[in-house]
>>> print(open('upload18.txt').read())   # compact mmCIF, C-alpha atoms
# COMPACT_ATOMS: atom_id res chain seq x y z
CA MET Z 456 -6.66 22.30 -32.46
CA THR Z 457 -2.94 22.10 -32.00
CA HIS Z 458 -1.46 18.80 -30.90
CA ALA Z 459 -0.16 20.61 -27.86
CA SER Z 460 -3.62 21.58 -26.76
CA ALA Z 461 -4.82 18.03 -27.38
CA ALA Z 462 -2.10 16.73 -25.13
CA HIS Z 463 -2.97 18.98 -22.27
CA GLY Z 464 -6.71 18.95 -22.53
CA THR Z 465 -7.37 22.46 -23.73
CA HIS Z 466 -8.90 23.69 -26.94
CA ALA Z 467 -7.93 26.80 -28.81
CA HIS Z 468 -10.93 29.12 -29.15
CA SER Z 469 -10.83 29.37 -32.88
CA ALA Z 470 -13.83 29.47 -35.19
CA HIS Z 471 -11.99 26.96 -37.36
CA ASP Z 472 -11.27 24.61 -34.53
CA ASP Z 473 -13.10 21.36 -35.24
CA THR Z 474 -11.84 19.51 -32.10
CA HIS Z 475 -12.45 16.07 -33.60
CA GLY Z 476 -15.94 17.05 -34.76
CA HIS Z 477 -17.08 18.34 -31.36
CA PRO Z 478 -17.85 21.98 -30.67
CA PRO Z 479 -15.49 23.84 -28.29
CA THR Z 480 -16.42 23.40 -24.64
CA SER Z 481 -17.42 26.26 -22.36
CA THR Z 482 -14.39 25.61 -20.15
CA GLY Z 483 -12.00 25.38 -23.09
CA LEU Z 484 -10.89 22.02 -21.71
CA ASP Z 485 -11.21 18.68 -23.41
CA ASN Z 486 -14.29 16.79 -22.20
CA LYS Z 487 -12.44 13.48 -22.18
CA LYS Z 488 -9.75 14.80 -19.88
CA ILE Z 489 -12.33 16.30 -17.52
CA ALA Z 490 -14.11 12.95 -17.55
CA ILE Z 491 -10.98 10.94 -16.72
CA TRP Z 492 -10.15 13.24 -13.80
CA ALA Z 493 -13.74 12.95 -12.50
CA PHE Z 494 -13.47 9.18 -12.88
CA ILE Z 495 -10.15 9.15 -11.00
CA GLY Z 496 -11.80 11.21 -8.26
CA SER Z 497 -14.55 8.62 -7.91
CA GLU Z 498 -11.94 5.86 -7.89
CA CYS Z 499 -10.26 7.58 -4.94
CA MET Z 500 -13.42 7.01 -2.94
CA LEU Z 501 -13.74 3.40 -4.10
CA PHE Z 502 -10.22 2.54 -2.97
CA ALA Z 503 -10.62 4.57 0.23
CA SER Z 504 -13.59 2.37 1.14
CA LEU Z 505 -11.66 -0.83 0.34
CA ILE Z 506 -8.57 0.31 2.28
CA SER Z 507 -10.76 1.40 5.21
CA THR Z 508 -12.40 -2.02 5.29
CA TYR Z 509 -9.00 -3.70 5.34
CA LEU Z 510 -7.76 -1.46 8.17
CA ILE Z 511 -10.93 -1.90 10.22
CA TYR Z 512 -10.67 -5.69 9.97
CA LYS Z 513 -6.94 -5.68 10.64
CA ARG Z 514 -5.98 -7.81 13.69
CA ARG Z 515 -9.59 -9.01 14.07
CA SER Z 516 -9.14 -12.39 12.42
CA VAL Z 517 -10.00 -15.22 14.79
CA VAL Z 518 -7.99 -17.81 12.90
CA GLY Z 519 -4.73 -17.60 10.92
CA PRO Z 520 -2.80 -17.18 8.75
CA TYR Z 521 -1.99 -13.61 9.77
CA PRO Z 522 -0.23 -10.96 7.70
CA HIS Z 523 2.69 -10.05 9.95
CA ASP Z 524 2.60 -12.52 12.83
CA ALA Z 525 3.05 -16.27 13.01
CA CYS Z 526 -0.04 -18.33 13.83
CA LEU Z 527 0.64 -20.94 16.50
CA PRO Z 528 -1.55 -23.71 17.95
CA PRO Z 529 -4.26 -23.73 19.19
CA LEU Z 530 -5.29 -20.84 16.85
CA CYS Z 531 -3.87 -22.83 13.93
CA SER Z 532 -3.68 -26.60 13.76
CA THR Z 533 -0.10 -26.34 12.54
CA PRO Z 534 2.28 -23.41 13.06
CA LEU Z 535 1.99 -20.93 10.19
CA PRO Z 536 4.54 -18.19 9.51
CA ALA Z 537 3.58 -14.57 8.77
CA ILE Z 538 2.14 -14.73 5.29
CA LEU Z 539 3.14 -11.45 3.64
CA ASP Z 540 6.30 -11.70 1.53
CA ILE Z 541 7.86 -8.24 1.69
CA PRO Z 542 10.84 -8.88 -0.66
CA ILE Z 543 8.54 -10.13 -3.45
CA THR Z 544 6.10 -7.25 -2.96
CA SER Z 545 8.95 -4.73 -2.86
CA ALA Z 546 10.10 -6.02 -6.25
CA SER Z 547 6.58 -5.75 -7.69
CA THR Z 548 6.27 -2.23 -6.26
CA PHE Z 549 9.52 -1.25 -8.00
CA VAL Z 550 8.20 -2.75 -11.24
CA LEU Z 551 4.99 -0.70 -11.04
CA LEU Z 552 6.92 2.50 -10.26
CA MET Z 553 9.13 1.92 -13.30
CA SER Z 554 6.03 1.32 -15.42
CA SER Z 555 4.89 4.82 -14.50
CA LEU Z 556 8.21 6.18 -15.76
CA ALA Z 557 7.79 4.23 -19.01
CA MET Z 558 4.25 5.56 -19.37
CA VAL Z 559 5.22 9.19 -18.98
CA LEU Z 560 8.04 8.65 -21.50
CA ALA Z 561 5.52 7.07 -23.91
CA LEU Z 562 3.31 10.16 -23.66
CA ALA Z 563 6.29 12.46 -24.23
CA ALA Z 564 7.33 10.36 -27.23
CA VAL Z 565 3.86 10.66 -28.78
CA GLU Z 566 3.80 14.42 -28.20
CA MET Z 567 7.22 14.74 -29.83
CA LYS Z 568 6.60 12.35 -32.71
CA ASP Z 569 7.00 15.11 -35.29
CA GLN Z 570 10.28 16.41 -33.85
CA PRO Z 571 13.48 15.40 -35.65
CA LYS Z 572 15.53 12.75 -33.81
CA ARG Z 573 19.23 13.30 -34.40
CA THR Z 574 20.93 10.93 -31.97
CA THR Z 575 20.36 7.33 -30.93
CA GLY Z 576 19.32 8.51 -27.49
CA GLU Z 577 16.71 10.81 -28.97
CA ARG Z 578 15.41 8.01 -31.19
CA ILE Z 579 15.09 5.70 -28.19
CA LEU Z 580 13.38 8.34 -26.06
CA GLY Z 581 11.14 9.24 -29.01
CA SER Z 582 9.91 5.72 -29.68
CA SER Z 583 6.32 5.54 -28.47
CA LYS Z 584 6.14 1.84 -29.34
CA LEU Z 585 9.14 1.04 -27.13
CA TRP Z 586 7.75 2.86 -24.10
CA LEU Z 587 4.21 1.58 -24.55
CA TRP Z 588 5.61 -1.95 -24.77
CA MET Z 589 7.73 -1.34 -21.68
CA THR Z 590 4.73 -0.06 -19.73
CA ALA Z 591 2.52 -2.97 -20.77
CA LEU Z 592 5.23 -5.54 -20.03
CA LEU Z 593 6.00 -4.03 -16.61
CA GLY Z 594 2.26 -3.99 -15.86
CA ALA Z 595 2.00 -7.64 -16.90
CA THR Z 596 5.04 -8.43 -14.72
CA PHE Z 597 3.29 -6.81 -11.76
CA LEU Z 598 0.25 -8.98 -12.46
CA GLY Z 599 2.55 -12.02 -12.58
CA PHE Z 600 3.90 -11.14 -9.12
CA GLN Z 601 0.33 -10.79 -7.87
CA ALA Z 602 -0.70 -14.14 -9.37
CA TYR Z 603 2.31 -15.76 -7.69
CA GLU Z 604 1.43 -14.12 -4.37
CA PHE Z 605 -2.23 -15.14 -4.52
CA THR Z 606 -1.32 -18.72 -5.47
CA SER Z 607 1.22 -19.07 -2.67
CA PHE Z 608 -1.27 -17.64 -0.16
CA VAL Z 609 -3.89 -20.18 -1.20
CA HIS Z 610 -1.30 -22.96 -0.85
CA GLU Z 611 -0.49 -21.70 2.63
CA GLY Z 612 -4.15 -21.84 3.60
CA LEU Z 613 -5.33 -18.25 3.09
CA THR Z 614 -8.36 -17.84 0.86
CA LEU Z 615 -11.13 -15.29 0.49
CA ARG Z 616 -13.15 -17.24 3.08
CA THR Z 617 -10.46 -18.14 5.62
CA ASN Z 618 -10.68 -15.09 7.85
CA LEU Z 619 -11.31 -11.33 7.86
CA PHE Z 620 -7.75 -10.67 6.72
CA GLY Z 621 -8.15 -12.98 3.72
CA SER Z 622 -11.50 -11.46 2.72
CA SER Z 623 -10.40 -7.84 2.94
CA PHE Z 624 -6.90 -8.47 1.54
CA PHE Z 625 -8.02 -10.38 -1.55
CA THR Z 626 -10.84 -7.91 -2.21
CA LEU Z 627 -8.55 -4.88 -1.98
CA THR Z 628 -5.58 -6.24 -3.91
CA GLY Z 629 -7.89 -8.09 -6.32
CA PHE Z 630 -9.67 -4.86 -7.22
CA HIS Z 631 -6.31 -3.20 -7.73
CA GLY Z 632 -5.10 -6.08 -9.89
CA ALA Z 633 -8.28 -5.81 -11.99
CA HIS Z 634 -7.51 -2.14 -12.54
CA VAL Z 635 -3.95 -3.00 -13.62
CA THR Z 636 -5.38 -5.60 -16.04
CA VAL Z 637 -7.68 -2.99 -17.58
CA GLY Z 638 -4.69 -0.65 -17.85
CA VAL Z 639 -2.59 -3.30 -19.65
CA LEU Z 640 -5.44 -3.96 -22.11
CA TRP Z 641 -5.78 -0.20 -22.70
CA LEU Z 642 -2.02 0.03 -23.38
CA LEU Z 643 -2.18 -2.90 -25.80
CA SER Z 644 -5.01 -1.21 -27.69
CA LEU Z 645 -2.87 1.94 -27.98
CA LEU Z 646 0.00 -0.20 -29.24
CA ALA Z 647 -2.28 -1.76 -31.86
CA ILE Z 648 -3.20 1.73 -33.08
CA ASP Z 649 0.47 2.72 -33.06
CA TYR Z 650 1.39 -0.26 -35.28
CA ARG Z 651 -1.62 0.23 -37.54
CA ARG Z 652 -1.34 3.89 -38.37
CA GLY Z 653 1.14 5.38 -35.91
CA LEU Z 654 0.39 7.54 -32.88
CA GLY Z 655 1.16 11.20 -33.41
CA PRO Z 656 0.68 14.48 -31.59
CA LYS Z 657 -3.00 14.53 -32.54
CA ASP Z 658 -3.43 11.32 -30.49
CA ALA Z 659 -1.65 12.73 -27.46
CA ILE Z 660 -4.92 13.37 -25.60
CA ASN Z 661 -5.87 9.69 -25.89
CA VAL Z 662 -2.46 8.56 -24.66
CA ASP Z 663 -2.70 11.13 -21.87
CA LEU Z 664 -5.98 9.61 -20.68
CA ALA Z 665 -4.40 6.16 -20.50
CA ALA Z 666 -1.36 7.64 -18.75
CA LEU Z 667 -3.49 9.35 -16.10
CA TYR Z 668 -5.33 6.10 -15.40
CA TRP Z 669 -2.04 4.19 -15.24
CA HIS Z 670 -0.42 6.66 -12.83
CA PHE Z 671 -3.52 6.56 -10.65
CA VAL Z 672 -3.23 2.77 -10.41
CA ASP Z 673 0.39 3.35 -9.40
CA VAL Z 674 -0.43 5.85 -6.64
CA VAL Z 675 -3.10 3.53 -5.25
CA TRP Z 676 -0.45 0.82 -5.00
CA ILE Z 677 1.90 3.24 -3.22
CA VAL Z 678 -0.76 3.59 -0.52
CA ILE Z 679 -1.58 -0.13 -0.41
CA PHE Z 680 2.09 -1.11 -0.15
CA THR Z 681 2.56 1.07 2.92
CA LEU Z 682 -0.74 0.48 4.71
CA VAL Z 683 -1.15 -3.22 3.98
CA TYR Z 684 2.37 -4.60 3.62
CA LEU Z 685 4.74 -2.43 5.65
CA ILE Z 686 2.76 -1.17 8.63
CA LYS Z 687 2.48 -4.03 11.09
CA MET G 772 12.47 28.11 -28.82
CA THR G 773 14.87 25.18 -29.05
CA HIS G 774 13.99 22.01 -30.92
CA ASP G 775 16.15 19.70 -28.88
CA PRO G 776 13.65 17.00 -27.95
CA VAL G 777 15.71 15.73 -25.04
CA HIS G 778 15.79 19.02 -23.24
CA GLN G 779 12.53 20.51 -24.45
CA PRO G 780 10.07 17.63 -24.83
CA HIS G 781 7.10 19.96 -25.03
CA SER G 782 8.66 22.67 -27.12
CA THR G 783 5.66 22.75 -29.45
CA VAL G 784 3.22 23.60 -26.67
CA ASP G 785 1.54 26.96 -27.09
CA HIS G 786 1.22 28.08 -23.49
CA ALA G 787 -0.58 31.32 -24.22
CA ALA G 788 -3.35 29.61 -26.16
CA MET G 789 -3.69 26.86 -23.59
CA GLY G 790 -3.49 28.95 -20.44
CA ILE G 791 -0.86 26.65 -18.91
CA ALA G 792 1.20 28.45 -16.33
CA LYS G 793 4.18 26.11 -16.37
CA GLU G 794 5.79 23.95 -19.02
CA HIS G 795 5.63 20.21 -18.46
CA PRO G 796 8.79 18.57 -17.07
CA THR G 797 11.61 17.39 -19.30
CA TRP G 798 12.62 13.77 -19.81
CA SER G 799 15.50 14.23 -17.40
CA THR G 800 13.05 15.35 -14.72
CA TYR G 801 11.00 12.20 -15.25
CA TRP G 802 14.13 10.08 -14.72
CA LYS G 803 15.07 12.03 -11.58
CA VAL G 804 11.57 11.52 -10.20
CA ALA G 805 11.90 7.77 -10.85
CA VAL G 806 15.20 7.69 -8.95
CA ILE G 807 13.64 9.56 -6.02
CA LEU G 808 10.65 7.18 -5.94
CA THR G 809 12.98 4.18 -6.00
CA LEU G 810 15.15 5.57 -3.21
CA ILE G 811 12.15 6.29 -0.99
CA THR G 812 10.80 2.77 -1.60
CA ALA G 813 14.20 1.32 -0.73
CA ILE G 814 14.26 3.32 2.52
CA GLU G 815 10.73 2.15 3.36
CA VAL G 816 11.71 -1.50 2.95
CA TRP G 817 15.03 -0.97 4.73
CA ILE G 818 13.45 0.45 7.89
CA TYR G 819 10.94 -2.42 7.86
CA TYR G 820 13.86 -4.73 8.64
CA ILE G 821 15.24 -2.69 11.57
CA PRO G 822 13.51 -4.20 14.64
CA SER G 823 14.43 -1.33 16.97
CA PHE G 824 12.97 1.20 14.53
CA VAL G 825 9.84 -0.89 13.94
CA ALA G 826 9.29 -0.94 17.71
CA SER G 827 9.73 2.81 18.00
CA ARG G 828 6.97 5.41 17.72
CA LEU G 829 8.61 6.83 14.61
CA PHE G 830 8.02 3.79 12.43
CA VAL G 831 4.41 4.33 11.35
CA PRO G 832 4.62 8.13 10.94
CA SER G 833 7.81 7.86 8.89
CA LEU G 834 6.24 5.26 6.60
CA LEU G 835 3.12 7.39 6.18
CA ILE G 836 5.19 10.48 5.38
CA MET G 837 7.33 8.64 2.82
CA SER G 838 4.23 7.14 1.21
CA ALA G 839 2.61 10.58 1.05
CA VAL G 840 5.74 12.06 -0.55
CA LYS G 841 5.71 9.33 -3.22
CA PHE G 842 1.98 9.84 -3.81
CA VAL G 843 2.32 13.61 -4.20
CA THR G 844 5.42 13.29 -6.40
CA VAL G 845 3.67 10.98 -8.87
CA VAL G 846 0.55 13.13 -8.93
CA LEU G 847 2.43 16.40 -9.42
CA PHE G 848 5.07 15.28 -11.93
CA TYR G 849 3.81 12.17 -13.74
CA MET G 850 0.12 13.13 -13.72
CA HIS G 851 1.14 16.74 -14.46
CA LEU G 852 -1.22 18.15 -11.84
CA ARG G 853 1.38 20.78 -11.00
CA TYR G 854 1.35 22.00 -14.58
CA ASP G 855 -2.19 21.46 -15.87
CA HIS G 856 -5.41 23.42 -15.48
CA LYS G 857 -6.63 24.07 -11.93
CA LEU G 858 -9.99 22.43 -12.70
CA PHE G 859 -8.20 19.07 -12.93
CA ARG G 860 -6.63 19.75 -9.55
CA ALA G 861 -10.08 20.46 -8.08
CA LEU G 862 -11.56 17.34 -9.68
CA PHE G 863 -8.87 15.23 -8.03
CA MET G 864 -8.35 17.00 -4.72
CA GLY G 865 -12.08 17.32 -3.87
CA PRO G 866 -12.84 13.58 -3.90
CA LEU G 867 -9.42 12.81 -2.40
CA ILE G 868 -10.16 15.03 0.60
CA ILE G 869 -13.62 13.48 0.99
CA ALA G 870 -12.07 10.01 0.78
CA ALA G 871 -9.37 10.86 3.34
CA VAL G 872 -11.88 12.38 5.78
CA THR G 873 -14.17 9.36 5.36
CA MET G 874 -11.26 7.02 6.08
CA LEU G 875 -10.29 8.95 9.19
CA GLY G 876 -13.91 9.01 10.35
CA LEU G 877 -14.23 5.26 9.93
CA MET G 878 -10.94 4.69 11.77
CA PHE G 879 -12.26 6.71 14.73
CA LEU G 880 -15.67 5.01 14.62
CA PHE G 881 -14.17 1.54 14.70
CA GLY G 882 -11.61 2.36 17.35
CA LYS G 883 -8.53 2.19 15.13
CA LEU G 884 -7.65 5.76 16.04
CA SER G 885 -8.41 7.49 19.29
CA ILE G 886 -8.05 10.85 20.94
CA GLY G 887 -7.92 11.59 24.64
CA VAL G 888 -11.22 13.49 24.85
CA GLY G 889 -13.85 11.42 26.65
CA ALA G 890 -11.59 8.41 27.05
CA PRO G 891 -12.23 6.29 30.15
CA ASN G 892 -9.71 6.60 32.97
>>> encode(input="upload18.txt", output="structure tokens")
Amino acid sequence: MTHASAAHGTHAHSAHDDTHGHPPTSTGLDNKKIAIWAFIGSECMLFASLISTYLIYKRRSVVGPYPHDACLPPLCSTPLPAILDIPITSASTFVLLMSSLAMVLALAAVEMKDQPKRTTGERILGSSKLWLWMTALLGATFLGFQAYEFTSFVHEGLTLRTNLFGSSFFTLTGFHGAHVTVGVLWLLSLLAIDYRRGLGPKDAINVDLAALYWHFVDVVWIVIFTLVYLIK
Amino acid sequence: MTHDPVHQPHSTVDHAAMGIAKEHPTWSTYWKVAVILTLITAIEVWIYYIPSFVASRLFVPSLLIMSAVKFVTVVLFYMHLRYDHKLFRALFMGPLIIAAVTMLGLMFLFGKLSIGVGAPN
């Protein structure tokens, strides 16, 4: 199997093609890549259910704090401002978008590992370690923003049990944060392999699987940012 | 075929053997996509702080459209769905359509969306 076909999930139909010890598939596509796309499809439905729950419960909280409106007595014992912090979340959204760029550059670097790098720019763009580190660090930064947000919400009186907004918000964003955490761990495991023996074109399929998962986490956040944070 | 990695990041790909209709984007395309995503996000946040626009009927549709553009851009360019095998497209689009229809159905059921048919006077 060529490294190119590994990267894009297809197998050459050669009698000598060992495809990592597995026989060629009837579709000619890599089973792992089919599996990750099927998994991403199922994740679409998971997040659709969580987002639906949030939207259904929106504006149905009896007590504050509320996401976009201040909570005044008698609904709240003390006046509470709108709880969502758009500037902070905008920054974390930017961080996650940039992590997707770093991830796609990491995949390209792994695919091109065997290509000669003549200039400094080519060496930077071709460093899989650099871009995997960047992706993992940006993912960890996003998680830091989320930890800060959750902590400040709890200090302002919003917990999982406070009201319908708190329950649905923490469940939705908590599930997303758990996915980001899994993605960061996945990236760190790829980095460990890269330091141990180096990631090359033959590993491109495995990096591609992590990349697809990471981009999916990014697109879910794109939806959450609009539906939860920006639409009042 | 050139071996310039900056301009041909997938120059080693054998399209004929893999049945890929289009070559994957170059590094410069990935950077351009990142700039577009950042600009759209900046516009989204900017209009959030314009009270007259927030109060208008354009606010929610414009946010939804911009979010959809970002979603599609990431899926097509970063997830390579525009370039990869059509089976992957089906595996993603099928559940996505089911999820979207389910969401819309739930919004109607719980009164978050409404249409004029059968509405009380």
>>> closest_residue(input="upload18.txt", among="G:Ala826, G:Val840, G:Val831, G:Leu852", to="chain Z", atoms="all atoms listed in the file")
G:Val831
>>> closest_residue(input="upload18.txt", among="Z:Ala546, Z:Met589, Z:Met553, Z:Leu530", to="chain G", atoms="only C-alpha atoms")
Z:Met553
>>> closest_atom_pairs(input="upload18.txt", of="region 825-874 of chain G", to="region 797-811 of chain G", cutoff="12 Å", atoms="all atoms listed in the file", output="CSV")
residue,atom,partner,partner_atom,distance
G:Ser833,CA,G:Ile811,CA,10.9
G:Leu834,CA,G:Ile811,CA,9.7
G:Leu835,CA,G:Ile811,CA,11.6
G:Ile836,CA,G:Ile811,CA,10.3
G:Met837,CA,G:Ile811,CA,6.6
G:Ser838,CA,G:Ile811,CA,8.3
G:Ala839,CA,G:Ile811,CA,10.7
G:Val840,CA,G:Ile811,CA,8.6
G:Lys841,CA,G:Leu808,CA,6.0
G:Phe842,CA,G:Leu808,CA,9.3
G:Val843,CA,G:Leu808,CA,10.7
G:Thr844,CA,G:Val804,CA,7.4
G:Val845,CA,G:Val804,CA,8.0
G:Val846,CA,G:Val804,CA,11.2
G:Leu847,CA,G:Val804,CA,10.4
G:Phe848,CA,G:Tyr801,CA,7.5
G:Tyr849,CA,G:Tyr801,CA,7.3
G:Met850,CA,G:Tyr801,CA,11.0
G:His851,CA,G:Tyr801,CA,10.9
>>> interface_residues(input="upload18.txt", of="chain Z", to="chain G", cutoff="8 Å", atoms="only C-alpha atoms", output="ChimeraX atom specification")
/Z:458-460,463,465-467,489,492-493,495-497,499-500,503-504,507,510-511,541,545,549,552-553,555-556,559-560,563,566-567,570-572,577,580,666-667,670-671,674,677-678,681,685-686
>>> atom_distance(input="upload18.txt", atom1="CA of Ser644 (chain Z)", atom2="CA of Asp569 (chain Z)")
21.6 Å
>>> atom_distance(input="upload18.txt", atom1="CA of Glu611 (chain Z)", atom2="CA of Gly599 (chain Z)")
18.3 Å
>>> atom_distance(input="upload18.txt", atom1="CA of Leu593 (chain Z)", atom2="CA of Val609 (chain Z)")
24.4 Å
>>> residues_around(input="upload18.txt", residues="region 628-630 of chain Z", least_positions_apart="6", cutoff="12 Å", atoms="all atoms listed in the file", output="JSON, numbers by chain")
{"Z": [498, 501, 502, 504, 505, 506, 509, 544, 597, 598, 600, 601, 602, 604, 605, 615, 620, 621, 622, 636, 637, 672, 675, 676, 678, 679, 680, 682, 683, 684]}
